[in-house]
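The block underneath contains the structure these notes are about, expressed in structure tokens.
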Amino acid sequence: MALKNQYLIDLLETVKKRNAGEPEFIQAVTEVFESLQPVVDKRPDLVEAGVFERIVEPERQIMFRVPWVDDNGKVQVNRGFRVQFNSAIGPYKGGIRLHPSVYLGIIKFLGFEQVFKNSLTTLPMGGGKGGSDFDPKGKSDGEIMRFCQSFMTELSKHIGADCDVPAGDIGTGGREIGYMFGQYKRLRNEFTGVLTGKGLTYGGSLARTEATGYGLCYFTNEMLQANGMSFEGKTVVISGSGNVAIYATEKAQEYGAKVVALSDSNGYIYDADGIKLDIVKDIKEVRRGRIKEYVDAVPTAEYHEGCKGIWTIKCDIALPCATQNEIDGESAEILVKNGCKVVSEGANMPSTPEAIETYLANGLLYGPAKAANAGGVATSGLEMSQNSERLSWTFEEVDEKLHNIMKNIFKSCDEAAKEYGMEGNYMAGANIAGFLKVAEAMKAQGCV
Ligand code: NDP
Ligand code: 2IT
């Protein structure tokens, strides 16, 4: 979809100048602007209120030094980030990514996406994101703890249960959240719901671990059913083998699909008989190993070096659950050629603009990340509710609420796409529906 609206073209130029050297952020803004063109025509009041200019500028961006001492007694320095993007509808909310590729542009694109995603959940959460270029791979437990404590020592000055509530993302799971929570509590002398994804013994929510992957399949199932399809008997390829990929595999299998591939940043496994998830969980969750170890346990499976090759496997449904821009135009063409009918995104912005063009031009069902992977943050919102009332709900209660939220997100995307003349384009629907709630709140609160 090309950008034709002159007002948005001019504004995008400003965004490009102001954020030079941050291609992922510009990519995310461009996609949203393309979807919002009919909104500009229909809602001059939002243009008048300067909502479009304001929504692309983070409210606050914090960058800080994270010094820590490694196991050899040597001082290491990383860079920490927290981008508090938009608080129009609630406290800033979004994960913390620990990966060597992290720089300001990555955190800004993730924070921008989070604004719309959190709006779609219907829960009162603004958008934010944080992280560091720290590489958790190969670090000892002690090194991880010292890094997390140092990171939180600065971050604690900027967050709070009613102000900004971080959570996990790539490289940040239960262990890291535990160390960060402990340090926050020690520094502030308060036990509050300042982070989500906490352990179950100290305020975490049941089903938060499963939520993103399960939610992805709940959303995808709605999209399939609305188009006369189902997971039953389908061949599914899932990239990644982290938190999102593992629980997407679990739910897709429960729905009767056959998941045949998973990956990590080194390569992918192909198991024509269907992935044995207990083996994957043991490798990834218990031993923190690499996905290639799967073939030691299942000799009939194949391991291939390189992660792009996973998209050459013939499948009906592709669920990218690793990282941004992991499916490019070329991979999308191969998916289409091999008969893939559905792409639904567990990762944030895993498809390049060329890939998305290819899905839409070939009539694939496309579930965009900010709708399809919103189950994680939605369940974080449910964790915040439980912390506020100092109660814990059962797994079934949380899972049922998550399921309903995902059904409603699909409905909002579907209806907004229809209302704005783009029926079946759930990306446009997600961007419009997510935007409108935030925009109304920004307008109502005046020029802030
Ligand atoms: P994890 O750290 O648990 O797992 C990440 C997985 O993706 C690993 O298998 C990792 O492989 C792979 N990966 C990471 N970076 C790259 C890369 N540059 N190239 C290839 N593979 C890569 O993270 P999550 O499962 O939590 O997150 C996965 C995606 O889902 C991310 O895009 C995240 O933003 C998104 N997401 C996560 C949510 C959550 O609640 N956790 C919620 C919504 C979205 P390796 O081990 O080799 O690094
Ligand atoms: O991208 C995401 O939505 C997340 N990493 C989860 C954020 C959260 O606050 O649970």
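By order in the structure tokens, chains are A, B, ...; within a chain, residues start at 1; ligands start at 1, following the order shown.
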
Grab me every residue within 8 Å of ligand 1, counting only C-alpha atoms and all ligand atoms, and send it over as a VMD selection string. chain A and resid 95 97 99 101 110 137 167 to 173 208 to 209 211 to 212 239 to 246 263 to 266 290 to 291 307 321 to 324 326 346 to 350 369 373 to 377

Could you write out the selected residues, including N, CA and C atoms, as a compact mmCIF listing (two decimals), in the first residue's frame?
# COMPACT_ATOMS: atom_id res chain seq x y z
N GLY A 95 7.81 -4.79 27.19
CA GLY A 95 8.89 -5.66 27.65
C GLY A 95 10.28 -5.04 27.63
N ARG A 97 14.07 -6.03 26.19
CA ARG A 97 14.79 -6.95 25.30
C ARG A 97 16.28 -6.90 25.62
N HIS A 99 19.54 -8.23 23.98
CA HIS A 99 20.10 -8.86 22.77
C HIS A 99 21.18 -7.92 22.23
N SER A 101 21.86 -6.94 19.41
CA SER A 101 21.42 -6.06 18.31
C SER A 101 20.64 -4.84 18.81
N LEU A 110 9.74 -0.98 18.76
CA LEU A 110 8.96 -1.88 19.63
C LEU A 110 8.00 -1.06 20.51
N LYS A 137 23.70 -14.76 26.15
CA LYS A 137 24.22 -16.09 25.74
C LYS A 137 25.61 -16.34 26.35
N ALA A 167 8.30 -5.81 31.41
CA ALA A 167 8.07 -7.27 31.42
C ALA A 167 9.16 -7.91 30.58
N GLY A 168 8.95 -9.16 30.17
CA GLY A 168 9.95 -9.85 29.37
C GLY A 168 9.83 -9.57 27.88
N ASP A 169 10.86 -9.93 27.16
CA ASP A 169 10.89 -9.94 25.69
C ASP A 169 12.10 -10.83 25.36
N ILE A 170 12.65 -10.72 24.17
CA ILE A 170 13.79 -11.57 23.82
C ILE A 170 14.88 -11.46 24.89
N GLY A 171 15.34 -12.60 25.37
CA GLY A 171 16.44 -12.62 26.33
C GLY A 171 16.05 -12.31 27.76
N THR A 172 14.82 -11.94 27.98
CA THR A 172 14.34 -11.65 29.33
C THR A 172 13.18 -12.57 29.65
N GLY A 173 13.43 -13.55 30.52
CA GLY A 173 12.38 -14.48 30.94
C GLY A 173 12.22 -14.41 32.45
N ARG A 208 0.73 -16.58 32.28
CA ARG A 208 1.52 -15.54 31.60
C ARG A 208 2.61 -16.17 30.73
N THR A 209 3.22 -17.26 31.21
CA THR A 209 4.28 -17.91 30.42
C THR A 209 3.72 -18.39 29.07
N ALA A 211 1.02 -17.25 27.57
CA ALA A 211 0.04 -16.32 26.99
C ALA A 211 0.31 -15.86 25.56
N THR A 212 1.54 -15.53 25.23
CA THR A 212 1.77 -14.98 23.88
C THR A 212 1.53 -16.05 22.82
N SER A 239 8.94 -20.34 13.55
CA SER A 239 10.35 -19.96 13.74
C SER A 239 10.59 -19.57 15.18
N GLY A 240 11.87 -19.65 15.59
CA GLY A 240 12.22 -19.41 16.97
C GLY A 240 12.03 -20.68 17.77
N SER A 241 12.54 -20.67 19.00
CA SER A 241 12.30 -21.79 19.91
C SER A 241 12.34 -21.25 21.33
N GLY A 242 11.93 -20.00 21.46
CA GLY A 242 11.87 -19.36 22.77
C GLY A 242 10.47 -19.42 23.34
N ASN A 243 10.19 -18.50 24.23
CA ASN A 243 8.91 -18.51 24.94
C ASN A 243 7.71 -18.52 24.00
N VAL A 244 7.70 -17.65 23.02
CA VAL A 244 6.53 -17.53 22.15
C VAL A 244 6.39 -18.76 21.26
N ALA A 245 7.49 -19.19 20.67
CA ALA A 245 7.46 -20.34 19.75
C ALA A 245 7.01 -21.62 20.47
N ILE A 246 7.50 -21.83 21.68
CA ILE A 246 7.18 -23.07 22.40
C ILE A 246 5.68 -23.16 22.69
N SER A 263 13.24 -23.11 15.11
CA SER A 263 14.59 -22.63 14.79
C SER A 263 15.21 -21.86 15.96
N ASP A 264 16.46 -21.49 15.81
CA ASP A 264 17.05 -20.44 16.63
C ASP A 264 17.96 -19.63 15.71
N SER A 265 18.79 -18.76 16.25
CA SER A 265 19.54 -17.88 15.35
C SER A 265 20.67 -18.62 14.63
N ASN A 266 20.90 -19.88 14.95
CA ASN A 266 21.92 -20.65 14.23
C ASN A 266 21.35 -21.52 13.11
N ARG A 290 20.70 -25.43 22.64
CA ARG A 290 20.45 -24.96 21.28
C ARG A 290 19.50 -25.93 20.59
N ILE A 291 18.77 -25.44 19.60
CA ILE A 291 17.72 -26.26 18.98
C ILE A 291 18.32 -27.46 18.22
N CYS A 307 19.05 -19.60 9.52
CA CYS A 307 17.63 -19.60 9.92
C CYS A 307 16.67 -19.29 8.78
N CYS A 321 7.96 -16.51 14.96
CA CYS A 321 7.99 -16.22 16.41
C CYS A 321 9.40 -15.95 16.90
N ALA A 322 10.30 -15.44 16.04
CA ALA A 322 11.67 -15.18 16.47
C ALA A 322 11.95 -13.69 16.60
N THR A 323 12.03 -12.97 15.46
CA THR A 323 12.50 -11.58 15.56
C THR A 323 12.04 -10.74 14.37
N GLN A 324 12.42 -9.46 14.37
CA GLN A 324 11.96 -8.55 13.31
C GLN A 324 12.61 -8.88 11.96
N GLU A 326 12.36 -11.20 9.85
CA GLU A 326 12.88 -12.54 9.59
C GLU A 326 12.29 -13.16 8.31
N GLY A 346 3.83 -14.05 15.67
CA GLY A 346 4.09 -14.08 17.11
C GLY A 346 5.19 -13.09 17.47
N ALA A 347 6.17 -12.95 16.60
CA ALA A 347 7.25 -11.98 16.83
C ALA A 347 6.74 -10.58 16.48
N ASN A 348 7.50 -9.56 16.88
CA ASN A 348 7.15 -8.19 16.53
C ASN A 348 7.79 -7.82 15.19
N MET A 349 6.94 -7.39 14.24
CA MET A 349 7.37 -6.96 12.90
C MET A 349 8.28 -7.98 12.21
N PRO A 350 7.90 -9.27 12.20
CA PRO A 350 8.77 -10.27 11.58
C PRO A 350 8.77 -10.24 10.06
N ALA A 369 1.38 -8.64 13.72
CA ALA A 369 1.92 -8.82 15.07
C ALA A 369 1.15 -8.08 16.15
N ASN A 373 0.01 -11.05 18.43
CA ASN A 373 0.83 -11.41 19.59
C ASN A 373 0.47 -10.61 20.85
N ALA A 374 -0.71 -9.97 20.83
CA ALA A 374 -1.10 -9.12 21.96
C ALA A 374 -1.48 -9.91 23.21
N GLY A 375 -1.55 -11.23 23.11
CA GLY A 375 -1.96 -12.03 24.27
C GLY A 375 -0.98 -11.97 25.42
N GLY A 376 0.30 -11.76 25.11
CA GLY A 376 1.31 -11.67 26.17
C GLY A 376 1.07 -10.44 27.03
N VAL A 377 1.00 -9.30 26.38
CA VAL A 377 0.82 -8.07 27.16
C VAL A 377 -0.59 -8.01 27.77

Spatial neighbours of stretch 14-26 of chain A, max dist 6 Å, only C-alpha atoms, sep filter under 6 positions, as a ChimeraX atom specification: /A:105,108-109

Find the spatial neighbours of A:Ala439, counting only C-alpha atoms, within a cut-off of 8 Å - ignore same-chain residues fewer than 3 positions away - and output them as a PyMOL selection string. chain A and resi 46+51+435-436+442-443

For the helix (DSSP H, G or I) assignment from backbone DSSP, which residues of stretch 192-248 of chain A qualify? Please present them as an mmCIF file with C-alpha atoms, in the first residue's frame.
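So the final result, stored in result-v8.cif, reads:
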data_model
loop_
_atom_site.group_PDB
_atom_site.id
_atom_site.type_symbol
_atom_site.label_atom_id
_atom_site.label_comp_id
_atom_site.auth_asym_id
_atom_site.auth_seq_id
_atom_site.Cartn_x
_atom_site.Cartn_y
_atom_site.Cartn_z
ATOM 1 C CA LEU A 200 4.246 -17.546 40.780
ATOM 2 C CA THR A 201 5.588 -17.358 44.349
ATOM 3 C CA TYR A 202 5.878 -13.544 44.290
ATOM 4 C CA ARG A 208 1.517 -15.538 31.604
ATOM 5 C CA THR A 209 4.277 -17.910 30.420
ATOM 6 C CA GLU A 210 1.939 -19.505 27.873
ATOM 7 C CA ALA A 211 0.043 -16.320 26.991
ATOM 8 C CA THR A 212 1.769 -14.977 23.885
ATOM 9 C CA GLY A 213 1.945 -18.334 22.096
ATOM 10 C CA TYR A 214 -1.540 -19.402 23.158
ATOM 11 C CA GLY A 215 -2.919 -15.966 22.292
ATOM 12 C CA LEU A 216 -1.319 -16.148 18.853
ATOM 13 C CA CYS A 217 -3.139 -19.413 18.174
ATOM 14 C CA TYR A 218 -6.432 -18.083 19.604
ATOM 15 C CA PHE A 219 -6.213 -15.075 17.265
ATOM 16 C CA THR A 220 -5.172 -17.225 14.305
ATOM 17 C CA ASN A 221 -7.992 -19.667 15.003
ATOM 18 C CA GLU A 222 -10.523 -16.801 14.880
ATOM 19 C CA MET A 223 -9.049 -15.595 11.598
ATOM 20 C CA LEU A 224 -9.138 -19.127 10.154
ATOM 21 C CA GLN A 225 -12.726 -19.734 11.229
ATOM 22 C CA ALA A 226 -13.904 -16.404 9.833
ATOM 23 C CA ASN A 243 8.911 -18.505 24.943
ATOM 24 C CA VAL A 244 6.527 -17.528 22.147
ATOM 25 C CA ALA A 245 7.458 -20.341 19.747
ATOM 26 C CA ILE A 246 7.183 -23.074 22.402
ATOM 27 C CA TYR A 247 3.669 -22.152 23.534
ATOM 28 C CA ALA A 248 2.476 -21.442 19.997
#

Residues within 12 Å of A:Val286, only C-alpha atoms, excluding chain neighbours under 5 positions, as number ranges by chain: A: 175, 242, 278-281

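Proximity of A:Gln27, A:Asn5, A:Pro320, A:Glu305 to A:Glu354, computed with only C-alpha atoms, is greatest for A:Gln27.
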
Taking into account only C-alpha atoms, which residue in the set A:Ala332, A:Val83, A:Ala207, A:Ile62 is nearest to A:Glu154? A:Ile62

Calculated over only C-alpha atoms, which of the candidates A:Ala378, A:Leu365, A:Met125, A:Leu187 has the smallest distance to A:Lys341? A:Leu365
